[in-house]
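Source file: data00.pdb; contents: PDB, C-alpha atoms.
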ATOM      1  CA  MET A 192      14.190-100.384   0.752
ATOM      2  CA  SER A 193      17.023 -98.129   1.798
ATOM      3  CA  LEU A 194      19.590 -99.022   4.445
ATOM      4  CA  TYR A 195      18.890 -96.002   6.648
ATOM      5  CA  ARG A 196      15.737 -94.259   7.788
ATOM      6  CA  HIS A 197      17.551 -90.933   7.506
ATOM      7  CA  HIS A 198      20.882 -90.320   5.764
ATOM      8  CA  ILE A 199      22.512 -87.000   6.616
ATOM      9  CA  PHE A 200      25.219 -85.678   4.303
ATOM     10  CA  VAL A 201      27.494 -82.863   5.452
ATOM     11  CA  CYS A 202      29.685 -81.152   2.877
ATOM     12  CA  LEU A 203      33.362 -81.322   3.892
ATOM     13  CA  ASN A 204      34.744 -79.853   0.704
ATOM     14  CA  THR A 205      37.775 -77.578   0.812
ATOM     15  CA  ARG A 206      38.513 -74.818  -1.701
ATOM     16  CA  GLU A 207      41.426 -72.424  -2.090
ATOM     17  CA  ALA A 208      41.261 -69.547   0.403
ATOM     18  CA  SER A 209      41.153 -67.179  -2.600
ATOM     19  CA  ASP A 210      37.877 -68.666  -3.895
ATOM     20  CA  PRO A 211      35.138 -66.030  -3.444
ATOM     21  CA  ARG A 212      32.501 -68.683  -2.742
ATOM     22  CA  GLY A 213      34.389 -69.945   0.276
ATOM     23  CA  CYS A 214      33.899 -73.588   1.221
ATOM     24  CA  CYS A 215      31.995 -75.580   3.815
ATOM     25  CA  SER A 216      35.167 -76.895   5.394
ATOM     26  CA  ALA A 217      36.567 -73.420   6.128
ATOM     27  CA  LYS A 218      33.170 -72.486   7.585
ATOM     28  CA  GLY A 219      33.337 -75.260  10.173
ATOM     29  CA  SER A 220      31.534 -78.190   8.577
ATOM     30  CA  GLU A 221      33.799 -80.816  10.183
ATOM     31  CA  ALA A 222      32.435 -79.780  13.598
ATOM     32  CA  VAL A 223      28.894 -79.955  12.183
ATOM     33  CA  LEU A 224      29.477 -83.541  11.026
ATOM     34  CA  GLU A 225      30.892 -84.469  14.429
ATOM     35  CA  ALA A 226      27.841 -82.909  16.103
ATOM     36  CA  PHE A 227      25.498 -84.991  13.923
ATOM     37  CA  LYS A 228      27.449 -88.165  14.695
ATOM     38  CA  ALA A 229      27.293 -87.439  18.409
ATOM     39  CA  GLU A 230      23.572 -86.667  18.255
ATOM     40  CA  VAL A 231      22.872 -89.928  16.405
ATOM     41  CA  VAL A 232      24.761 -91.891  19.052
ATOM     42  CA  SER A 233      23.204 -90.061  21.990
ATOM     43  CA  ARG A 234      19.703 -90.710  20.631
ATOM     44  CA  GLY A 235      20.473 -94.410  20.113
ATOM     45  CA  MET A 236      19.871 -94.148  16.367
ATOM     46  CA  LYS A 237      23.163 -95.660  15.179
ATOM     47  CA  GLY A 238      22.300 -98.205  12.475
ATOM     48  CA  THR A 239      19.078 -96.497  11.397
ATOM     49  CA  VAL A 240      20.434 -92.981  10.866
ATOM     50  CA  ARG A 241      23.818 -92.213   9.319
ATOM     51  CA  ALA A 242      25.723 -88.927   9.396
ATOM     52  CA  ASN A 243      28.003 -88.961   6.394
ATOM     53  CA  ARG A 244      30.902 -86.969   5.013
ATOM     54  CA  ALA A 245      30.175 -85.658   1.500
ATOM     55  CA  GLY A 246      32.227 -84.016  -1.201
ATOM     56  CA  CYS A 247      31.156 -80.696  -2.690
ATOM     57  CA  LEU A 248      27.363 -80.336  -2.720
ATOM     58  CA  ASP A 249      27.747 -77.340  -5.055
ATOM     59  CA  GLN A 250      26.228 -74.799  -2.670
ATOM     60  CA  CYS A 251      29.566 -73.373  -1.503
ATOM     61  CA  SER A 252      28.427 -69.832  -0.762
ATOM     62  CA  HIS A 253      25.741 -71.181   1.607
ATOM     63  CA  GLY A 254      28.018 -73.370   3.720
ATOM     64  CA  PRO A 255      28.132 -75.291   5.883
ATOM     65  CA  VAL A 256      25.542 -77.170   3.843
ATOM     66  CA  VAL A 257      23.658 -80.302   4.928
ATOM     67  CA  VAL A 258      21.174 -82.433   2.999
ATOM     68  CA  ILE A 259      19.023 -85.130   4.567
ATOM     69  CA  TYR A 260      17.563 -87.973   2.503
ATOM     70  CA  PRO A 261      15.179 -89.465   1.597
ATOM     71  CA  GLU A 262      13.381 -86.243   2.608
ATOM     72  CA  GLY A 263      15.605 -84.073   0.367
ATOM     73  CA  VAL A 264      15.737 -81.307   2.962
ATOM     74  CA  TRP A 265      18.628 -78.873   2.485
ATOM     75  CA  TYR A 266      20.020 -76.731   5.285
ATOM     76  CA  VAL A 267      22.470 -73.840   4.959
ATOM     77  CA  GLY A 268      24.770 -72.008   7.356
ATOM     78  CA  VAL A 269      24.504 -74.854   9.842
ATOM     79  CA  LYS A 270      26.348 -74.563  13.165
ATOM     80  CA  PRO A 271      27.037 -77.425  15.570
ATOM     81  CA  THR A 272      24.595 -75.828  18.014
ATOM     82  CA  ASP A 273      21.800 -76.184  15.395
ATOM     83  CA  VAL A 274      22.215 -79.941  15.160
ATOM     84  CA  PRO A 275      20.005 -81.111  18.056
ATOM     85  CA  GLU A 276      17.132 -78.979  16.697
ATOM     86  CA  ILE A 277      17.610 -80.348  13.150
ATOM     87  CA  VAL A 278      17.609 -83.946  14.364
ATOM     88  CA  ALA A 279      14.612 -83.381  16.638
ATOM     89  CA  ALA A 280      12.692 -81.983  13.650
ATOM     90  CA  MET A 281      13.886 -84.759  11.340
ATOM     91  CA  VAL A 282      12.599 -87.591  13.512
ATOM     92  CA  LYS A 283       9.196 -85.900  13.651
ATOM     93  CA  GLY A 284       9.085 -85.386   9.874
ATOM     94  CA  LEU A 285       9.446 -81.625  10.347
ATOM     95  CA  LYS A 286      11.970 -79.027   9.155
ATOM     96  CA  VAL A 287      13.842 -76.195  10.857
ATOM     97  CA  GLU A 288      12.439 -73.396   8.706
ATOM     98  CA  ARG A 289      15.031 -70.735   9.587
ATOM     99  CA  LEU A 290      17.878 -72.893   8.269
ATOM    100  CA  LEU A 291      16.292 -74.118   5.036
ATOM    101  CA  HIS A 292      18.066 -73.537   1.740
ATOM    102  CA  PRO A 293      16.038 -70.915  -0.196
ATOM    103  CA  ARG A 294      15.284 -73.526  -2.863
ATOM    104  CA  SER A 295      14.347 -76.199  -0.293
ATOM    105  CA  ARG A 296      11.444 -74.274   1.264
TER     106      ARG A 296
ATOM    107  CA  MET B 218      11.574 -79.521  -2.502
ATOM    108  CA  SER B 219      15.047 -80.909  -3.051
ATOM    109  CA  LEU B 220      17.670 -79.289  -5.275
ATOM    110  CA  TYR B 221      18.165 -82.340  -7.495
ATOM    111  CA  ARG B 222      15.827 -84.837  -9.083
ATOM    112  CA  HIS B 223      18.389 -87.562  -8.432
ATOM    113  CA  HIS B 224      21.434 -87.304  -6.185
ATOM    114  CA  ILE B 225      24.001 -90.053  -6.691
ATOM    115  CA  PHE B 226      26.566 -90.658  -3.951
ATOM    116  CA  VAL B 227      29.660 -92.737  -4.682
ATOM    117  CA  CYS B 228      31.807 -93.851  -1.756
ATOM    118  CA  LEU B 229      35.406 -92.688  -2.188
ATOM    119  CA  ASN B 230      36.613 -93.795   1.215
ATOM    120  CA  THR B 231      40.120 -95.194   1.623
ATOM    121  CA  ARG B 232      41.147 -97.697   4.292
ATOM    122  CA  GLU B 233      44.478 -99.238   5.205
ATOM    123  CA  ALA B 234      45.513-102.003   2.783
ATOM    124  CA  SER B 235      45.566-104.375   5.777
ATOM    125  CA  ASP B 236      41.850-103.842   6.512
ATOM    126  CA  PRO B 237      40.040-107.105   5.711
ATOM    127  CA  ARG B 238      36.924-105.240   4.517
ATOM    128  CA  GLY B 239      38.870-103.455   1.804
ATOM    129  CA  CYS B 240      37.564-100.046   0.726
ATOM    130  CA  CYS B 241      35.648 -98.578  -2.176
ATOM    131  CA  SER B 242      38.547 -96.436  -3.269
ATOM    132  CA  ALA B 243      40.931 -99.391  -3.708
ATOM    133  CA  LYS B 244      38.178-101.173  -5.658
ATOM    134  CA  GLY B 245      37.998 -98.409  -8.243
ATOM    135  CA  SER B 246      35.255 -96.095  -7.020
ATOM    136  CA  GLU B 247      36.960 -92.926  -8.298
ATOM    137  CA  ALA B 248      36.476 -94.197 -11.859
ATOM    138  CA  VAL B 249      32.854 -95.014 -11.035
ATOM    139  CA  LEU B 250      32.255 -91.437  -9.868
ATOM    140  CA  GLU B 251      33.886 -90.084 -13.024
ATOM    141  CA  ALA B 252      31.673 -92.359 -15.138
ATOM    142  CA  PHE B 253      28.538 -91.036 -13.394
ATOM    143  CA  LYS B 254      29.670 -87.431 -13.906
ATOM    144  CA  ALA B 255      30.312 -88.088 -17.606
ATOM    145  CA  GLU B 256      26.948 -89.829 -18.017
ATOM    146  CA  VAL B 257      25.120 -86.917 -16.368
ATOM    147  CA  VAL B 258      26.812 -84.473 -18.732
ATOM    148  CA  SER B 259      26.297 -86.587 -21.838
ATOM    149  CA  ARG B 260      22.568 -86.925 -21.071
ATOM    150  CA  GLY B 261      22.232 -83.163 -20.517
ATOM    151  CA  MET B 262      21.152 -83.661 -16.905
ATOM    152  CA  LYS B 263      23.676 -81.344 -15.234
ATOM    153  CA  GLY B 264      21.733 -79.182 -12.765
ATOM    154  CA  THR B 265      18.960 -81.719 -12.175
ATOM    155  CA  VAL B 266      21.110 -84.746 -11.347
ATOM    156  CA  ARG B 267      24.285 -84.622  -9.270
ATOM    157  CA  ALA B 268      26.983 -87.278  -8.972
ATOM    158  CA  ASN B 269      28.668 -86.712  -5.657
ATOM    159  CA  ARG B 270      31.731 -87.875  -3.787
ATOM    160  CA  ALA B 271      30.838 -89.419  -0.418
ATOM    161  CA  GLY B 272      32.801 -90.505   2.610
ATOM    162  CA  CYS B 273      32.442 -94.012   3.979
ATOM    163  CA  LEU B 274      28.931 -95.390   3.418
ATOM    164  CA  ASP B 275      29.716 -98.218   5.866
ATOM    165  CA  GLN B 276      29.332-101.018   3.319
ATOM    166  CA  CYS B 277      33.072-101.475   2.736
ATOM    167  CA  SER B 278      33.075-105.171   1.896
ATOM    168  CA  HIS B 279      30.534-104.540  -0.900
ATOM    169  CA  GLY B 280      32.476-101.778  -2.670
ATOM    170  CA  PRO B 281      32.376 -99.842  -4.839
ATOM    171  CA  VAL B 282      29.089 -98.774  -3.269
ATOM    172  CA  VAL B 283      26.625 -96.250  -4.708
ATOM    173  CA  VAL B 284      23.398 -94.892  -3.236
ATOM    174  CA  ILE B 285      20.867 -92.831  -5.180
ATOM    175  CA  TYR B 286      18.401 -90.515  -3.429
ATOM    176  CA  PRO B 287      15.579 -89.756  -2.970
ATOM    177  CA  GLU B 288      14.894 -93.309  -4.163
ATOM    178  CA  GLY B 289      17.239 -94.841  -1.566
ATOM    179  CA  VAL B 290      18.518 -97.428  -4.042
ATOM    180  CA  TRP B 291      21.833 -99.010  -3.048
ATOM    181  CA  TYR B 292      24.180-100.654  -5.538
ATOM    182  CA  VAL B 293      27.233-102.769  -4.770
ATOM    183  CA  GLY B 294      30.297-103.872  -6.735
ATOM    184  CA  VAL B 295      29.661-101.152  -9.302
ATOM    185  CA  LYS B 296      32.011-100.869 -12.279
ATOM    186  CA  PRO B 297      32.292 -97.871 -14.602
ATOM    187  CA  THR B 298      30.779-100.007 -17.365
ATOM    188  CA  ASP B 299      27.622-100.482 -15.234
ATOM    189  CA  VAL B 300      26.974 -96.743 -15.017
ATOM    190  CA  PRO B 301      25.000 -96.148 -18.254
ATOM    191  CA  GLU B 302      22.641 -99.001 -17.321
ATOM    192  CA  ILE B 303      22.170 -97.640 -13.776
ATOM    193  CA  VAL B 304      21.386 -94.134 -15.049
ATOM    194  CA  ALA B 305      19.063 -95.433 -17.767
ATOM    195  CA  ALA B 306      17.133 -97.358 -15.099
ATOM    196  CA  MET B 307      17.159 -94.405 -12.676
ATOM    197  CA  VAL B 308      15.511 -91.988 -15.084
ATOM    198  CA  LYS B 309      12.760 -94.533 -15.731
ATOM    199  CA  GLY B 310      12.189 -95.137 -12.005
ATOM    200  CA  LEU B 311      13.615 -98.644 -12.328
ATOM    201  CA  LYS B 312      16.523-100.510 -10.694
ATOM    202  CA  VAL B 313      19.343-102.685 -12.011
ATOM    203  CA  GLU B 314      18.425-105.798 -10.060
ATOM    204  CA  ARG B 315      21.720-107.660 -10.475
ATOM    205  CA  LEU B 316      23.647-104.846  -8.738
ATOM    206  CA  LEU B 317      21.301-104.160  -5.836
ATOM    207  CA  HIS B 318      22.614-104.324  -2.286
ATOM    208  CA  PRO B 319      21.086-107.431  -0.661
ATOM    209  CA  ARG B 320      19.242-105.167   1.817
ATOM    210  CA  SER B 321      18.048-102.795  -0.935
ATOM    211  CA  ARG B 322      16.054-105.388  -2.904
TER     212      ARG B 322
END

Full structure transcribed into structure tokens:
Amino acid sequence: MSLYRHHIFVCLNTREASDPRGCCSAKGSEAVLEAFKAEVVSRGMKGTVRANRAGCLDQCSHGPVVVIYPEGVWYVGVKPTDVPEIVAAMVKGLKVERLLHPRSR
Amino acid sequence: MSLYRHHIFVCLNTREASDPRGCCSAKGSEAVLEAFKAEVVSRGMKGTVRANRAGCLDQCSHGPVVVIYPEGVWYVGVKPTDVPEIVAAMVKGLKVERLLHPRSR
């Protein structure tokens, strides 16, 4: 068995400002991670759900990028204000369709 | 669907040397990540398997810690020399029992 019911990874990678792909960090992913951590705490899920910093998830042009396991659901262009909706869907086994990575639909 | 068949996360977190838990980074996790990346390339799995840097996985005393999704298999005390065996097991849907996290058995 795994250690968490849901394990949320948020890309915090940083690239040079000159990189045409951009990077999740410059697009505000640190605030997205903090929003997930706060949501986990406020829902009393600490210990069963973990919001985790990740290195480059290799989807730089789509950032901020989030992947949730074991579901394998990928979200792109995530803003802190999207986080409550993502978590509400996650606990019900649903997805937020409008934020899905094109290859995660 | 997910973007990868297997997504391997290696904790690269660093803690103060005075922290009694230690940290994965000081226990050699960077070399473990590099070993996974090399193994993925040498097996021609780039694009379907990703070896990823992760922030703290909250299992500091067990480091270096690795988790593989979507399986949710957790390994502890991983050395670079363990990596070929872990990947060989992973692609067969098996686990390396001797390295499993006590709560991942």

| query | Could you state the separation of CA of Glu262 in chain A and CA of Lys218 in chain A in Å, given to one decimal place? | reply | 24.6 Å

Apply the PyMOL selection byres ((chain B and resi 220-235) around 7) to the file shown and report the selected residues as a CSV table (one decimal) with C-alpha atoms, in the frame of the given file.
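Result file is result.csv:
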chain,number,residue,atom,x,y,z
A,294,ARG,CA,15.3,-73.5,-2.9
A,295,SER,CA,14.3,-76.2,-0.3
B,218,MET,CA,11.6,-79.5,-2.5
B,219,SER,CA,15.0,-80.9,-3.1
B,236,ASP,CA,41.8,-103.8,6.5
B,237,PRO,CA,40.0,-107.1,5.7
B,239,GLY,CA,38.9,-103.5,1.8
B,240,CYS,CA,37.6,-100.0,0.7
B,241,CYS,CA,35.6,-98.6,-2.2
B,242,SER,CA,38.5,-96.4,-3.3
B,243,ALA,CA,40.9,-99.4,-3.7
B,246,SER,CA,35.3,-96.1,-7.0
B,247,GLU,CA,37.0,-92.9,-8.3
B,250,LEU,CA,32.3,-91.4,-9.9
B,265,THR,CA,19.0,-81.7,-12.2
B,266,VAL,CA,21.1,-84.7,-11.3
B,267,ARG,CA,24.3,-84.6,-9.3
B,268,ALA,CA,27.0,-87.3,-9.0
B,269,ASN,CA,28.7,-86.7,-5.7
B,270,ARG,CA,31.7,-87.9,-3.8
B,271,ALA,CA,30.8,-89.4,-0.4
B,272,GLY,CA,32.8,-90.5,2.6
B,273,CYS,CA,32.4,-94.0,4.0
B,274,LEU,CA,28.9,-95.4,3.4
B,281,PRO,CA,32.4,-99.8,-4.8
B,282,VAL,CA,29.1,-98.8,-3.3
B,283,VAL,CA,26.6,-96.2,-4.7
B,284,VAL,CA,23.4,-94.9,-3.2
B,285,ILE,CA,20.9,-92.8,-5.2
B,286,TYR,CA,18.4,-90.5,-3.4
B,287,PRO,CA,15.6,-89.8,-3.0

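Between chain A and the residues B:Asp299, B:Ala252, B:His279, B:Gly289, the shortest atom-to-atom distance, using all atoms listed in the file, involves B:Gly289.
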
Considering only C-alpha atoms, return as a short mmCIF file (atom, residue, chain, number, x, y, z; two decimals) with C-alpha atoms, in the frame of the given file whatever protein or nucleic-acid residues lie within 10 Å of Val278 in chain A, sequence-local ones (same chain, fewer than 2 positions apart) excluded.
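Final output, result.cif:
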data_model
loop_
_atom_site.label_atom_id
_atom_site.label_comp_id
_atom_site.auth_asym_id
_atom_site.auth_seq_id
_atom_site.Cartn_x
_atom_site.Cartn_y
_atom_site.Cartn_z
CA HIS A 197 17.55 -90.93 7.51
CA ILE A 199 22.51 -87.00 6.62
CA PHE A 227 25.50 -84.99 13.92
CA GLU A 230 23.57 -86.67 18.26
CA VAL A 231 22.87 -89.93 16.40
CA ARG A 234 19.70 -90.71 20.63
CA ILE A 259 19.02 -85.13 4.57
CA ASP A 273 21.80 -76.18 15.40
CA VAL A 274 22.22 -79.94 15.16
CA PRO A 275 20.00 -81.11 18.06
CA GLU A 276 17.13 -78.98 16.70
CA ALA A 280 12.69 -81.98 13.65
CA MET A 281 13.89 -84.76 11.34
CA VAL A 282 12.60 -87.59 13.51
CA LYS A 283 9.20 -85.90 13.65
CA GLY A 284 9.09 -85.39 9.87
CA LEU A 285 9.45 -81.62 10.35
CA LYS A 286 11.97 -79.03 9.15
CA VAL A 287 13.84 -76.19 10.86
#

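Take the candidates B:Ala255, B:Val293, B:Ala305, B:Val249 and check each one against Gln276 in chain B using only C-alpha atoms; the shortest distance goes to B:Val293.
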
| request: Could you check which of A:Gly238, A:Gly268, A:Gly219, A:Gly254 is closest to chain B, using all atoms listed in the file? | output: A:Gly238

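Of the listed residues (B:Thr298, B:Ser259, B:Trp291, B:Glu314), B:Trp291 comes nearest to chain A; the distances count only C-alpha atoms.
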
Could you extract range 224-299 of chain B of the given structure into a file holding C-alpha atoms, as a CSV table (one decimal), in the first residue's frame?
chain,number,residue,atom,x,y,z
B,224,HIS,CA,6.8,8.2,-12.6
B,225,ILE,CA,9.7,7.8,-10.2
B,226,PHE,CA,10.2,10.5,-7.5
B,227,VAL,CA,13.4,10.7,-5.6
B,228,CYS,CA,13.6,13.0,-2.5
B,229,LEU,CA,16.4,15.6,-2.9
B,230,ASN,CA,15.5,17.5,0.2
B,231,THR,CA,18.2,19.0,2.4
B,232,ARG,CA,18.0,19.6,6.1
B,233,GLU,CA,20.3,21.2,8.6
B,234,ALA,CA,23.2,18.9,9.6
B,235,SER,CA,22.0,19.2,13.2
B,236,ASP,CA,18.6,17.7,12.4
B,237,PRO,CA,18.4,14.3,14.0
B,238,ARG,CA,16.3,12.8,11.2
B,239,GLY,CA,19.0,13.5,8.6
B,240,CYS,CA,17.9,14.2,5.1
B,241,CYS,CA,17.8,12.3,1.8
B,242,SER,CA,20.2,14.7,0.1
B,243,ALA,CA,23.0,14.1,2.7
B,244,LYS,CA,22.5,10.4,2.4
B,245,GLY,CA,23.3,10.5,-1.3
B,246,SER,CA,19.9,10.8,-3.1
B,247,GLU,CA,21.3,13.0,-5.9
B,248,ALA,CA,23.3,10.0,-7.1
B,249,VAL,CA,20.2,7.8,-6.8
B,250,LEU,CA,18.3,10.2,-9.0
B,251,GLU,CA,21.1,10.2,-11.6
B,252,ALA,CA,21.2,6.4,-11.5
B,253,PHE,CA,17.4,6.3,-12.2
B,254,LYS,CA,17.8,8.8,-15.1
B,255,ALA,CA,20.7,6.7,-16.6
B,256,GLU,CA,18.7,3.5,-16.2
B,257,VAL,CA,15.7,5.0,-18.0
B,258,VAL,CA,17.9,6.1,-20.9
B,259,SER,CA,19.8,2.9,-21.1
B,260,ARG,CA,16.5,0.9,-21.3
B,261,GLY,CA,15.1,3.2,-24.0
B,262,MET,CA,12.2,4.2,-21.7
B,263,LYS,CA,12.7,8.0,-22.0
B,264,GLY,CA,9.2,9.5,-22.7
B,265,THR,CA,7.3,6.6,-21.0
B,266,VAL,CA,9.1,6.6,-17.7
B,267,ARG,CA,10.3,9.7,-15.8
B,268,ALA,CA,12.8,10.0,-13.0
B,269,ASN,CA,11.9,13.1,-11.1
B,270,ARG,CA,13.4,15.3,-8.4
B,271,ALA,CA,11.1,15.7,-5.4
B,272,GLY,CA,11.0,17.9,-2.4
B,273,CYS,CA,10.7,16.4,1.1
B,274,LEU,CA,8.6,13.2,1.0
B,275,ASP,CA,8.4,13.4,4.8
B,276,GLN,CA,10.2,10.1,5.4
B,277,CYS,CA,13.6,11.7,6.3
B,278,SER,CA,14.9,9.1,8.7
B,279,HIS,CA,14.5,6.4,6.0
B,280,GLY,CA,16.4,8.2,3.3
B,281,PRO,CA,17.2,8.1,0.5
B,282,VAL,CA,13.5,7.6,-0.2
B,283,VAL,CA,11.9,6.9,-3.6
B,284,VAL,CA,8.2,6.5,-4.5
B,285,ILE,CA,7.0,5.1,-7.8
B,286,TYR,CA,3.6,6.0,-9.2
B,287,PRO,CA,0.9,5.0,-10.1
B,288,GLU,CA,1.9,1.9,-8.2
B,289,GLY,CA,2.5,3.8,-5.0
B,290,VAL,CA,5.5,1.7,-4.1
B,291,TRP,CA,7.8,3.3,-1.5
B,292,TYR,CA,11.5,2.4,-1.2
B,293,VAL,CA,13.9,3.4,1.6
B,294,GLY,CA,17.6,3.5,2.1
B,295,VAL,CA,18.1,3.3,-1.7
B,296,LYS,CA,21.6,3.2,-3.1
B,297,PRO,CA,22.6,3.9,-6.8
B,298,THR,CA,23.5,0.2,-7.0
B,299,ASP,CA,19.9,-0.8,-6.1
